[in-house]
$ cat work_14.tsv   # TSV, C-alpha atoms
chain	number	residue	atom	x	y	z
A	43	MET	CA	-43.20	21.46	-16.50
A	44	SER	CA	-40.13	19.36	-16.78
A	45	ASN	CA	-38.53	20.14	-13.45
A	46	THR	CA	-40.71	17.92	-11.32
A	47	PRO	CA	-38.97	14.66	-10.62
A	48	GLU	CA	-41.61	12.51	-12.31
A	49	ASN	CA	-41.32	14.26	-15.65
A	50	LYS	CA	-37.55	14.17	-15.90
A	51	THR	CA	-35.97	11.71	-18.23
A	52	LEU	CA	-33.33	9.36	-16.92
A	53	THR	CA	-30.53	11.43	-18.45
A	54	GLU	CA	-31.77	14.64	-16.88
A	55	ARG	CA	-32.02	12.97	-13.50
A	56	LEU	CA	-28.53	11.59	-13.89
A	57	VAL	CA	-27.16	15.00	-14.85
A	58	SER	CA	-28.85	16.67	-11.89
A	59	TRP	CA	-27.59	13.91	-9.60
A	60	VAL	CA	-24.03	14.38	-10.88
A	61	ASN	CA	-24.36	18.15	-10.40
A	62	GLY	CA	-25.33	17.56	-6.82
A	63	GLU	CA	-28.84	18.97	-6.97
A	64	ARG	CA	-30.97	17.31	-4.39
A	65	GLU	CA	-34.51	16.36	-4.94
A	66	PRO	CA	-36.94	14.97	-2.41
A	67	LYS	CA	-36.98	11.21	-2.78
A	68	ASP	CA	-40.44	10.75	-1.43
A	69	GLN	CA	-43.09	13.39	-1.02
A	70	THR	CA	-44.78	11.46	1.78
A	71	LEU	CA	-41.87	12.22	4.11
A	72	PHE	CA	-42.70	15.89	4.00
A	73	VAL	CA	-46.37	15.19	4.56
A	74	MET	CA	-45.54	13.20	7.64
A	75	GLU	CA	-43.27	15.91	8.95
A	76	LYS	CA	-46.01	18.48	8.72
A	77	ARG	CA	-48.37	16.55	10.95
A	78	HIS	CA	-47.53	17.37	14.53
A	79	ARG	CA	-48.21	14.07	16.13
A	80	GLN	CA	-47.51	13.39	19.71
A	81	PRO	CA	-44.61	10.96	20.09
A	82	ARG	CA	-45.84	7.59	21.23
A	83	ARG	CA	-43.35	7.34	24.05
A	84	PRO	CA	-42.26	10.28	26.13
A	85	GLN	CA	-38.94	11.56	24.83
A	86	PRO	CA	-36.16	10.82	27.37
A	87	SER	CA	-34.21	13.77	28.63
A	88	ASP	CA	-30.53	14.16	27.76
A	89	GLU	CA	-29.25	12.71	31.04
A	90	GLU	CA	-31.55	9.73	30.79
A	91	HIS	CA	-30.50	9.20	27.20
A	92	GLU	CA	-26.82	9.37	28.16
A	93	GLU	CA	-27.36	6.96	31.02
A	94	GLN	CA	-29.10	4.56	28.68
A	95	GLU	CA	-26.30	4.78	26.15
A	96	ARG	CA	-23.67	4.21	28.84
A	97	HIS	CA	-25.57	1.20	30.10
A	98	ARG	CA	-25.80	-0.28	26.62
A	99	PHE	CA	-22.12	0.39	26.03
A	100	ARG	CA	-21.18	-1.38	29.25
A	101	ARG	CA	-23.33	-4.35	28.30
A	102	PHE	CA	-21.63	-4.40	24.90
A	103	LEU	CA	-18.16	-4.29	26.52
A	104	ARG	CA	-19.06	-7.23	28.75
A	105	GLY	CA	-20.07	-9.38	25.80
A	106	PHE	CA	-17.44	-8.14	23.39
A	107	PRO	CA	-14.33	-10.02	24.63
A	108	VAL	CA	-16.24	-13.30	24.79
A	109	ALA	CA	-17.48	-12.87	21.23
A	110	ALA	CA	-14.04	-11.81	19.99
A	111	VAL	CA	-12.32	-14.80	21.61
A	112	MET	CA	-14.93	-17.14	20.18
A	113	ILE	CA	-14.56	-15.76	16.65
A	114	CYS	CA	-10.76	-15.93	16.91
A	115	GLY	CA	-10.93	-19.50	18.23
A	116	VAL	CA	-13.19	-20.64	15.41
A	117	LEU	CA	-11.01	-18.96	12.79
A	118	VAL	CA	-7.82	-20.47	14.22
A	119	ALA	CA	-9.46	-23.89	14.33
A	120	VAL	CA	-10.52	-23.61	10.68
A	121	LEU	CA	-7.04	-22.49	9.61
A	122	VAL	CA	-5.28	-25.23	11.60
A	123	TRP	CA	-7.65	-27.79	10.14
A	124	ALA	CA	-6.92	-26.49	6.63
A	125	VAL	CA	-3.16	-26.66	7.25
A	126	MET	CA	-3.44	-30.22	8.57
A	127	THR	CA	-5.08	-31.40	5.35
A	128	MET	CA	-2.13	-30.03	3.34
A	129	PRO	CA	0.72	-32.33	2.34
A	130	ALA	CA	3.86	-32.13	4.49
A	131	PHE	CA	6.25	-29.28	3.69
A	132	GLY	CA	9.11	-30.09	1.33
A	133	GLU	CA	8.41	-33.75	0.56
A	134	ALA	CA	9.31	-35.13	-2.83
A	135	GLY	CA	5.99	-36.83	-3.46
A	136	ASN	CA	3.91	-33.69	-3.05
A	137	PRO	CA	1.49	-32.79	-5.85
A	138	ILE	CA	3.32	-29.52	-6.54
A	139	ASN	CA	6.39	-31.42	-7.73
A	140	ASN	CA	4.91	-32.29	-11.11
A	141	GLU	CA	6.05	-31.79	-14.67
A	142	VAL	CA	4.84	-28.16	-14.81
A	143	ALA	CA	7.20	-26.99	-12.06
A	144	GLU	CA	9.99	-29.07	-13.55
A	145	HIS	CA	9.42	-27.52	-16.95
A	146	TYR	CA	9.60	-24.02	-15.52
A	147	LEU	CA	12.78	-24.76	-13.58
A	148	GLU	CA	14.44	-26.47	-16.52
A	149	TYR	CA	13.48	-24.27	-19.46
A	150	THR	CA	13.12	-20.79	-17.92
A	151	GLU	CA	16.58	-19.68	-18.99
A	152	GLU	CA	16.19	-21.09	-22.47
A	153	GLU	CA	12.69	-19.73	-23.08
A	154	THR	CA	12.77	-16.34	-21.39
A	155	GLY	CA	16.45	-15.50	-21.09
A	156	ALA	CA	16.20	-14.91	-17.35
A	157	THR	CA	18.55	-16.89	-15.12
A	158	ASN	CA	16.38	-16.16	-12.09
A	159	ALA	CA	13.41	-18.49	-12.48
A	160	VAL	CA	11.19	-16.26	-10.34
A	161	THR	CA	11.80	-13.26	-12.59
A	162	GLY	CA	11.24	-15.37	-15.68
A	163	MET	CA	7.99	-16.55	-14.18
A	164	ILE	CA	6.53	-13.21	-13.18
A	165	LEU	CA	7.72	-11.23	-16.20
A	166	SER	CA	7.34	-13.72	-19.05
A	167	TYR	CA	5.13	-16.68	-18.30
A	168	ARG	CA	2.81	-14.64	-16.14
A	169	GLY	CA	3.66	-11.20	-17.48
A	170	PHE	CA	0.03	-10.38	-18.12
A	171	ASP	CA	-0.64	-10.87	-14.42
A	172	THR	CA	2.19	-8.49	-13.54
A	173	LEU	CA	0.83	-5.97	-16.06
A	174	GLY	CA	-2.43	-6.09	-14.13
A	175	GLU	CA	-0.58	-5.51	-10.86
A	176	SER	CA	1.20	-2.50	-12.34
A	177	CYS	CA	-2.16	-1.14	-13.46
A	178	VAL	CA	-3.48	-1.62	-9.93
A	179	LEU	CA	-0.58	0.42	-8.52
A	180	PHE	CA	-1.09	3.11	-11.16
A	181	LEU	CA	-4.81	3.32	-10.37
A	182	ALA	CA	-4.13	3.31	-6.62
A	183	VAL	CA	-2.00	6.45	-6.92
A	184	SER	CA	-4.64	8.04	-9.14
A	185	CYS	CA	-7.31	7.33	-6.53
A	186	VAL	CA	-5.17	8.72	-3.71
A	187	MET	CA	-4.61	11.81	-5.85
A	188	LEU	CA	-8.37	12.19	-6.31
A	189	LEU	CA	-9.04	11.78	-2.60
A	190	LEU	CA	-6.13	13.59	-0.95
A	191	GLY	CA	-4.82	15.88	-3.67
A	192	ARG	CA	-5.14	19.58	-2.95
A	193	ASP	CA	-5.97	22.22	-5.51
A	194	ALA	CA	-7.49	25.69	-5.47
A	195	HIS	CA	-10.99	24.37	-4.81
A	196	ASN	CA	-10.43	22.31	-1.68
A	197	THR	CA	-7.69	24.18	0.16
A	198	ASP	CA	-8.54	26.50	3.01
A	199	GLU	CA	-6.36	28.93	4.93
A	200	HIS	CA	-5.89	26.49	7.79
A	201	ASP	CA	-4.14	23.92	5.56
A	202	LEU	CA	-1.98	26.55	3.92
A	203	LEU	CA	-1.04	28.01	7.29
A	204	LYS	CA	-0.08	24.61	8.65
A	205	ILE	CA	2.02	23.68	5.63
A	206	GLY	CA	3.64	27.11	5.68
A	207	GLN	CA	4.53	26.64	9.36
A	208	GLU	CA	6.09	23.24	8.68
A	209	ASP	CA	8.08	24.66	5.78
A	210	THR	CA	9.35	27.53	7.90
A	211	ILE	CA	10.41	25.17	10.66
A	212	GLU	CA	12.22	22.97	8.15
A	213	LYS	CA	13.95	25.95	6.58
A	214	GLN	CA	15.01	27.65	9.80
A	215	ALA	CA	16.05	24.59	11.78
A	216	PRO	CA	17.05	21.85	9.37
A	217	ASP	CA	17.97	18.52	10.90
A	218	ARG	CA	21.75	18.43	10.44
A	219	ILE	CA	22.18	14.83	11.58
A	220	LEU	CA	19.48	13.60	9.25
A	221	GLN	CA	20.92	15.58	6.35
A	222	GLN	CA	24.45	14.27	6.85
A	223	VAL	CA	23.24	10.67	7.18
A	224	ALA	CA	21.04	11.09	4.12
A	225	ARG	CA	23.90	12.58	2.09
A	226	THR	CA	26.00	9.52	2.85
A	227	LEU	CA	23.26	6.93	2.43
A	228	ILE	CA	21.19	8.14	-0.52
A	229	PRO	CA	23.76	7.46	-3.29
A	230	PHE	CA	24.17	3.91	-2.02
A	231	ILE	CA	20.41	3.43	-1.78
A	232	PHE	CA	19.92	4.60	-5.36
A	233	LEU	CA	22.85	2.45	-6.50
A	234	PHE	CA	21.43	-0.60	-4.74
A	235	ALA	CA	17.99	0.09	-6.22
A	236	LEU	CA	19.43	0.28	-9.72
A	237	TYR	CA	21.44	-2.88	-9.07
A	238	VAL	CA	18.35	-4.76	-7.94
A	239	LEU	CA	16.36	-3.42	-10.92
A	240	ILE	CA	18.91	-4.16	-13.61
A	241	ASN	CA	20.03	-7.50	-12.20
A	242	GLY	CA	16.48	-8.70	-11.68
A	243	GLU	CA	16.90	-11.38	-14.31
A	244	VAL	CA	20.04	-12.94	-12.86
A	245	SER	CA	19.77	-12.37	-9.12
A	246	PRO	CA	17.06	-12.01	-6.48
A	247	GLY	CA	15.02	-8.88	-6.76
A	248	GLY	CA	13.37	-7.31	-9.73
A	249	GLY	CA	10.90	-4.61	-10.53
A	250	PHE	CA	8.83	-4.58	-7.38
A	251	SER	CA	11.59	-4.70	-4.78
A	252	GLY	CA	13.94	-2.44	-6.77
A	253	GLY	CA	11.19	0.09	-7.34
A	254	THR	CA	10.31	0.11	-3.67
A	255	ILE	CA	13.93	0.76	-2.69
A	256	LEU	CA	14.11	3.56	-5.26
A	257	GLY	CA	10.94	5.07	-3.81
A	258	CYS	CA	12.34	4.76	-0.29
A	259	GLY	CA	15.47	6.65	-1.36
A	260	LEU	CA	13.30	9.42	-2.83
A	261	ILE	CA	11.29	9.60	0.38
A	262	LEU	CA	14.46	9.82	2.49
A	263	TYR	CA	15.70	12.65	0.25
A	264	THR	CA	12.39	14.48	0.61
A	265	VAL	CA	12.30	14.01	4.38
A	266	SER	CA	15.81	15.29	4.93
A	267	TYR	CA	16.04	18.12	2.39
A	268	GLY	CA	12.43	19.27	2.29
A	269	HIS	CA	9.70	19.01	-0.27
A	270	ALA	CA	10.93	21.99	-2.29
A	271	ALA	CA	14.29	20.34	-2.95
A	272	THR	CA	12.64	17.31	-4.52
A	273	SER	CA	9.95	19.11	-6.46
A	274	ARG	CA	12.64	21.30	-8.05
A	275	TRP	CA	13.70	18.39	-10.24
A	276	PHE	CA	10.80	15.97	-9.75
A	277	SER	CA	7.75	18.14	-10.34
A	278	ALA	CA	4.17	16.94	-10.74
A	279	ALA	CA	4.43	16.98	-14.54
A	280	ILE	CA	7.63	14.91	-14.54
A	281	TYR	CA	6.10	12.56	-11.98
A	282	ALA	CA	3.01	11.98	-14.13
A	283	ALA	CA	5.18	11.56	-17.23
A	284	VAL	CA	7.47	9.00	-15.55
A	285	ARG	CA	4.74	6.82	-14.16
A	286	THR	CA	2.74	6.88	-17.38
A	287	PHE	CA	5.90	6.12	-19.33
A	288	GLY	CA	6.61	3.12	-17.08
A	289	LEU	CA	3.17	1.63	-17.59
A	290	LEU	CA	3.13	2.31	-21.34
A	291	LEU	CA	6.64	0.88	-21.74
A	292	TYR	CA	5.55	-2.30	-19.99
A	293	ALA	CA	2.34	-2.57	-22.01
A	294	GLY	CA	4.17	-1.90	-25.26
A	295	LEU	CA	7.01	-4.32	-24.59
A	296	TYR	CA	4.75	-7.08	-23.38
A	297	GLY	CA	2.31	-6.57	-26.25
A	298	TYR	CA	5.20	-6.79	-28.71
A	299	TYR	CA	6.46	-9.90	-26.91
A	300	ILE	CA	3.05	-11.59	-27.08
A	301	PHE	CA	2.39	-10.74	-30.72
A	302	MET	CA	5.86	-11.88	-31.76
A	303	GLY	CA	4.96	-15.35	-30.54
A	304	ALA	CA	6.29	-14.95	-26.99
A	305	ASN	CA	9.68	-16.25	-27.98
A	306	GLY	CA	13.00	-15.27	-29.42
A	307	LEU	CA	13.18	-11.65	-28.20
A	308	GLU	CA	16.11	-12.28	-25.90
A	309	SER	CA	18.76	-12.27	-28.57
A	310	THR	CA	18.04	-8.68	-29.60
A	311	VAL	CA	17.00	-6.95	-26.40
A	312	HIS	CA	17.26	-7.77	-22.73
A	313	PHE	CA	13.54	-8.14	-22.43
A	314	SER	CA	13.33	-8.95	-18.72
A	315	MET	CA	15.64	-6.09	-17.83
A	316	ALA	CA	13.57	-3.54	-19.76
A	317	ILE	CA	10.32	-4.79	-18.22
A	318	ASP	CA	11.92	-4.78	-14.78
A	319	LEU	CA	12.88	-1.15	-15.30
A	320	ALA	CA	9.33	-0.29	-16.38
A	321	VAL	CA	7.80	-2.00	-13.34
A	322	GLY	CA	10.41	-0.35	-11.13
A	323	LEU	CA	9.47	3.12	-12.41
A	324	VAL	CA	5.78	2.49	-11.75
A	325	VAL	CA	6.42	1.10	-8.25
A	326	ALA	CA	8.84	3.88	-7.28
A	327	CYS	CA	6.36	6.52	-8.42
A	328	THR	CA	3.58	4.77	-6.50
A	329	VAL	CA	5.57	4.66	-3.28
A	330	TYR	CA	6.79	8.23	-3.54
A	331	GLY	CA	3.32	9.44	-4.57
A	332	PHE	CA	1.71	7.78	-1.55
A	333	TYR	CA	4.20	9.47	0.76
A	334	THR	CA	3.96	12.95	-0.61
A	335	LEU	CA	0.19	12.85	-1.11
A	336	PHE	CA	-0.34	11.63	2.46
A	337	GLN	CA	2.08	14.24	3.75
A	338	ARG	CA	1.16	17.38	1.81
A	339	GLY	CA	-1.58	16.51	-0.66
A	340	GLU	CA	0.55	17.38	-3.67
A	341	ILE	CA	3.42	15.93	-5.67
B	97	MET	CA	20.57	-23.08	11.46
B	98	THR	CA	17.54	-24.78	12.94
B	99	VAL	CA	18.16	-23.17	16.34
B	100	LEU	CA	18.17	-19.75	14.68
B	101	GLU	CA	14.97	-20.66	12.85
B	102	TYR	CA	13.24	-21.64	16.07
B	103	ILE	CA	14.36	-18.44	17.78
B	104	LEU	CA	13.05	-16.41	14.84
B	105	LEU	CA	9.75	-18.31	14.81
B	106	ALA	CA	9.36	-17.63	18.53
B	107	GLY	CA	10.09	-13.95	17.86
B	108	LEU	CA	7.46	-13.99	15.12
B	109	LEU	CA	4.87	-15.35	17.54
B	110	VAL	CA	5.84	-12.88	20.27
B	111	THR	CA	5.66	-9.85	17.97
B	112	ALA	CA	2.41	-11.04	16.39
B	113	ILE	CA	0.79	-11.40	19.80
B	114	ALA	CA	2.34	-8.23	21.22
B	115	ALA	CA	1.36	-5.93	18.35
B	116	PRO	CA	-2.37	-5.71	19.10
B	117	LEU	CA	-1.79	-5.68	22.87
B	118	CYS	CA	0.31	-2.49	22.91
B	119	LYS	CA	-1.26	0.51	24.63
B	120	ARG	CA	0.09	3.15	22.27
B	121	LEU	CA	-0.43	2.98	18.52
B	122	LEU	CA	3.18	4.02	17.94
B	123	ASN	CA	4.40	0.94	19.82
B	124	THR	CA	2.04	-1.24	17.82
B	125	VAL	CA	3.53	0.04	14.58
B	126	ILE	CA	7.11	-0.49	15.80
B	127	VAL	CA	6.36	-4.05	16.93
B	128	TYR	CA	4.70	-4.68	13.59
B	129	LEU	CA	7.83	-3.46	11.80
B	130	ALA	CA	9.89	-5.85	13.95
B	131	PHE	CA	7.56	-8.62	12.78
B	132	SER	CA	8.32	-7.67	9.17
B	133	VAL	CA	12.08	-7.70	9.75
B	134	ILE	CA	11.94	-11.16	11.36
B	135	MET	CA	9.74	-12.35	8.52
B	136	ALA	CA	12.27	-11.05	5.97
B	137	VAL	CA	15.10	-13.02	7.63
B	138	LEU	CA	12.87	-16.09	7.71
B	139	TRP	CA	12.08	-15.75	4.00
B	140	SER	CA	15.77	-15.73	3.19
B	141	LEU	CA	16.28	-18.80	5.42
B	142	LEU	CA	13.44	-20.48	3.48
B	143	GLN	CA	15.49	-19.90	0.32
B	144	SER	CA	13.24	-17.27	-1.22
B	145	PRO	CA	15.47	-14.18	-1.41
B	146	ASP	CA	13.08	-12.40	-3.79
B	147	LEU	CA	10.41	-12.41	-1.13
B	148	ALA	CA	12.94	-11.44	1.52
B	149	ILE	CA	13.99	-8.28	-0.34
B	150	THR	CA	10.39	-7.31	-1.03
B	151	GLU	CA	9.34	-7.98	2.56
B	152	ALA	CA	12.21	-5.88	3.90
B	153	ALA	CA	11.48	-3.01	1.51
B	154	VAL	CA	7.70	-3.00	1.70
B	155	GLY	CA	6.96	-4.44	5.14
B	156	ALA	CA	9.68	-2.72	7.11
B	157	GLY	CA	10.12	0.35	4.91
B	158	ILE	CA	7.09	1.68	3.10
B	159	SER	CA	4.33	0.46	5.37
B	160	GLY	CA	6.24	1.90	8.35
B	161	ILE	CA	6.50	5.30	6.67
B	162	LEU	CA	2.82	5.30	5.76
B	163	PHE	CA	1.81	4.22	9.28
B	164	PHE	CA	3.92	6.98	10.85
B	165	LEU	CA	2.39	9.54	8.49
B	166	THR	CA	-1.09	8.38	9.46
B	167	LEU	CA	-0.21	8.56	13.16
B	168	LYS	CA	1.06	12.09	12.62
B	169	LYS	CA	-2.19	13.04	10.90
B	170	ILE	CA	-4.28	11.76	13.81
B	171	HIS	CA	-1.89	13.33	16.38
B	172	GLU	CA	-0.76	10.05	17.93
B	173	LEU	CA	2.97	10.79	17.70
B	174	LYS	CA	4.42	12.43	20.77
B	175	GLY	CA	5.16	16.10	20.33
B	176	THR	CA	2.91	16.71	17.36
B	177	LYS	CA	-0.15	17.78	19.33
B	178	ASP	CA	-0.04	21.34	18.08
B	179	GLU	CA	-3.72	22.11	18.66
$ encode --input "work_14.tsv" --output "structure tokens"
Amino acid sequence: MSNTPENKTLTERLVSWVNGEREPKDQTLFVMEKRHRQPRRPQPSDEEHEEQERHRFRRFLRGFPVAAVMICGVLVAVLVWAVMTMPAFGEAGNPINNEVAEHYLEYTEEETGATNAVTGMILSYRGFDTLGESCVLFLAVSCVMLLLGRDAHNTDEHDLLKIGQEDTIEKQAPDRILQQVARTLIPFIFLFALYVLINGEVSPGGGFSGGTILGCGLILYTVSYGHAATSRWFSAAIYAAVRTFGLLLYAGLYGYYIFMGANGLESTVHFSMAIDLAVGLVVACTVYGFYTLFQRGEI
Amino acid sequence: MTVLEYILLAGLLVTAIAAPLCKRLLNTVIVYLAFSVIMAVLWSLLQSPDLAITEAAVGAGISGILFFLTLKKIHELKGTKDE
């Protein structure tokens, strides 16, 4: 007999656990259930139970504000104390004004080719860190897809009915004001997003902010023209391809950069610009994916 | 410039205190978005335009959209109580 829990190997138990088969954890529980013992205390009736719960809740409410204020006060005191031990803001003799910061400010343009020191910092000196952040965004969308994504297995008639109703309302009574405003604004939003993305190395902005603006433009388009209009040219397959391409482009470019000695790429290719574009694609897909998965459960 | 900074800092304090005290969740979200906008202006006054753009796009844009979607899901927006 191999189906009793004691005789199963670890792998079998793992497989049955993954498959969702339940097995009694402890046989003694069932033994105890079978014995019809008298409860030690008389079971309170429903009204008594409710009254008790209400009483406890009231007691909790009386103590709650005091406790909350105390916790807040202690936290604020700790934070203020921590701030007071910091050196004064913007003074020349502060420990942050050392040779490391000076080196970055002086040699960023020469070493990374980016005029904007912040972009040079986050894409070249600390590019590995930014690669990790992009991976976090990528994984976040994947997790939201796992949790909120709808497919044939977890969709019931109620969801379909509701989405169908919303679609019908959108189709029969489209918001004219929203559509006109969106038609005027969206080209400029996309243009600004591309500007921020491409000029990330010479002006404020870069992959994260540009990608967010791009995603916002996509969301505005989806809100005003309906989900079908967007998914006509930005389907789930294209979405997956774009966000994977962004991450792989970043990983490939940065790997090449590292293995080439982390220097001297600027003369041949605008390294920061390409990486900014890759990060922007990932961020835009993340933002748009969050919206549409929250809204409908599909891309 | 300093007068503007002080006004903005006061606005930051007011919105930060007002956000959790609002009765309706919708008002809380709107006050929170106002906090983000003020913060974005303050970042640019503190000479960090990169942060300002990101704060404006993420704080006032994306998080607002996601909050409104969540409020719609839990039927806290007015006029969406369809059941």
$ residues_around --input "work_14.tsv" --residues "segment 97-107 of chain B" --least-positions-apart "3" --cutoff "8 Å" --atoms "all atoms listed in the file" --output "number ranges by chain"
B: 110-111, 131, 134, 138, 141
$ residues_around --input "work_14.tsv" --residues "segment 249-263 of chain A" --least-positions-apart "2" --cutoff "6 Å" --atoms "all atoms listed in the file" --output "JSON, numbers by chain"
{"A": [228, 231, 232, 235, 238, 239, 247, 265, 266, 267, 318, 321, 322, 325, 326, 329, 330], "B": [150]}
$ closest_atom_pairs --input "work_14.tsv" --of "chain B" --to "chain A" --cutoff "7 Å" --atoms "only C-alpha atoms" --output "CSV"
residue,atom,partner,partner_atom,distance
B:Pro145,CA,A:Pro246,CA,5.7
B:Asp146,CA,A:Pro246,CA,4.8
B:Ile149,CA,A:Ser251,CA,6.2
B:Thr150,CA,A:Ser251,CA,4.7
B:Ala153,CA,A:Ile255,CA,6.2
B:Val154,CA,A:Thr254,CA,6.7
B:Ile158,CA,A:Cys258,CA,7.0
B:Leu162,CA,A:Tyr333,CA,6.7
B:Leu165,CA,A:Gln337,CA,6.7
$ closest_residue --input "work_14.tsv" --among "A:Thr154, A:Ala279, A:Phe102, A:Ile341" --to "Tyr299 of chain A" --atoms "only C-alpha atoms"
A:Thr154
$ atom_distance --input "work_14.tsv" --atom1 "atom CA of Ser144 of chain B" --atom2 "atom CA of Leu121 of chain A"
23.6 Å
$ atom_distance --input "work_14.tsv" --atom1 "atom CA of Gly155 of chain B" --atom2 "atom CA of Ile126 of chain B"
11.4 Å
$ closest_residue --input "work_14.tsv" --among "B:Ala148, B:Phe163, B:Ala156, B:Leu109" --to "Ala130 of chain B" --atoms "only C-alpha atoms"
B:Ala156
$ atom_distance --input "work_14.tsv" --atom1 "atom CA of Gly268 of chain A" --atom2 "atom CA of Leu220 of chain A"
11.4 Å
$ axis_aligned_box --input "work_14.tsv" --around "segment 243-253 of chain A" --padding-each-side "3 Å" --output "lines of an AutoDock Vina configuration file"
center_x = 14.4
center_y = -6.4
center_z = -9.5
size_x = 17.2
size_y = 19.0
size_z = 15.5
$ decode --input "work_14.tsv" --residues "segment 130-142 of chain A" --atoms "N, CA and C atoms" --output "mmCIF file, in the first residue's frame"
data_model
loop_
_atom_site.group_PDB
_atom_site.id
_atom_site.type_symbol
_atom_site.label_atom_id
_atom_site.label_comp_id
_atom_site.auth_asym_id
_atom_site.auth_seq_id
_atom_site.Cartn_x
_atom_site.Cartn_y
_atom_site.Cartn_z
ATOM 1 N N ALA A 130 24.092 69.259 7.882
ATOM 2 C CA ALA A 130 23.171 70.260 7.342
ATOM 3 C C ALA A 130 23.107 70.154 5.825
ATOM 4 N N PHE A 131 21.933 70.479 5.271
ATOM 5 C CA PHE A 131 21.676 70.304 3.849
ATOM 6 C C PHE A 131 22.495 71.307 3.029
ATOM 7 N N GLY A 132 23.254 70.815 2.056
ATOM 8 C CA GLY A 132 23.888 71.694 1.091
ATOM 9 C C GLY A 132 25.161 72.379 1.548
ATOM 10 N N GLU A 133 25.803 71.898 2.607
ATOM 11 C CA GLU A 133 27.045 72.542 3.030
ATOM 12 C C GLU A 133 28.232 71.903 2.324
ATOM 13 N N ALA A 134 29.275 72.724 2.140
ATOM 14 C CA ALA A 134 30.398 72.259 1.329
ATOM 15 C C ALA A 134 31.212 71.193 2.053
ATOM 16 N N GLY A 135 31.236 71.232 3.369
ATOM 17 C CA GLY A 135 32.077 70.298 4.097
ATOM 18 C C GLY A 135 31.433 68.965 4.395
ATOM 19 N N ASN A 136 30.279 68.710 3.800
ATOM 20 C CA ASN A 136 29.570 67.460 4.091
ATOM 21 C C ASN A 136 30.328 66.258 3.554
ATOM 22 N N PRO A 137 30.167 65.097 4.210
ATOM 23 C CA PRO A 137 30.905 63.913 3.753
ATOM 24 C C PRO A 137 30.529 63.450 2.354
ATOM 25 N N ILE A 138 29.348 63.877 1.826
ATOM 26 C CA ILE A 138 29.036 63.394 0.470
ATOM 27 C C ILE A 138 29.867 64.104 -0.581
ATOM 28 N N ASN A 139 30.418 65.274 -0.256
ATOM 29 C CA ASN A 139 31.200 66.015 -1.247
ATOM 30 C C ASN A 139 32.648 65.532 -1.229
ATOM 31 N N ASN A 140 32.845 64.265 -1.608
ATOM 32 C CA ASN A 140 34.204 63.723 -1.610
ATOM 33 C C ASN A 140 34.648 63.490 -3.040
ATOM 34 N N GLU A 141 35.751 62.786 -3.188
ATOM 35 C CA GLU A 141 36.319 62.646 -4.536
ATOM 36 C C GLU A 141 35.457 61.761 -5.434
ATOM 37 N N VAL A 142 34.653 60.854 -4.837
ATOM 38 C CA VAL A 142 33.836 59.963 -5.673
ATOM 39 C C VAL A 142 32.801 60.778 -6.447
#
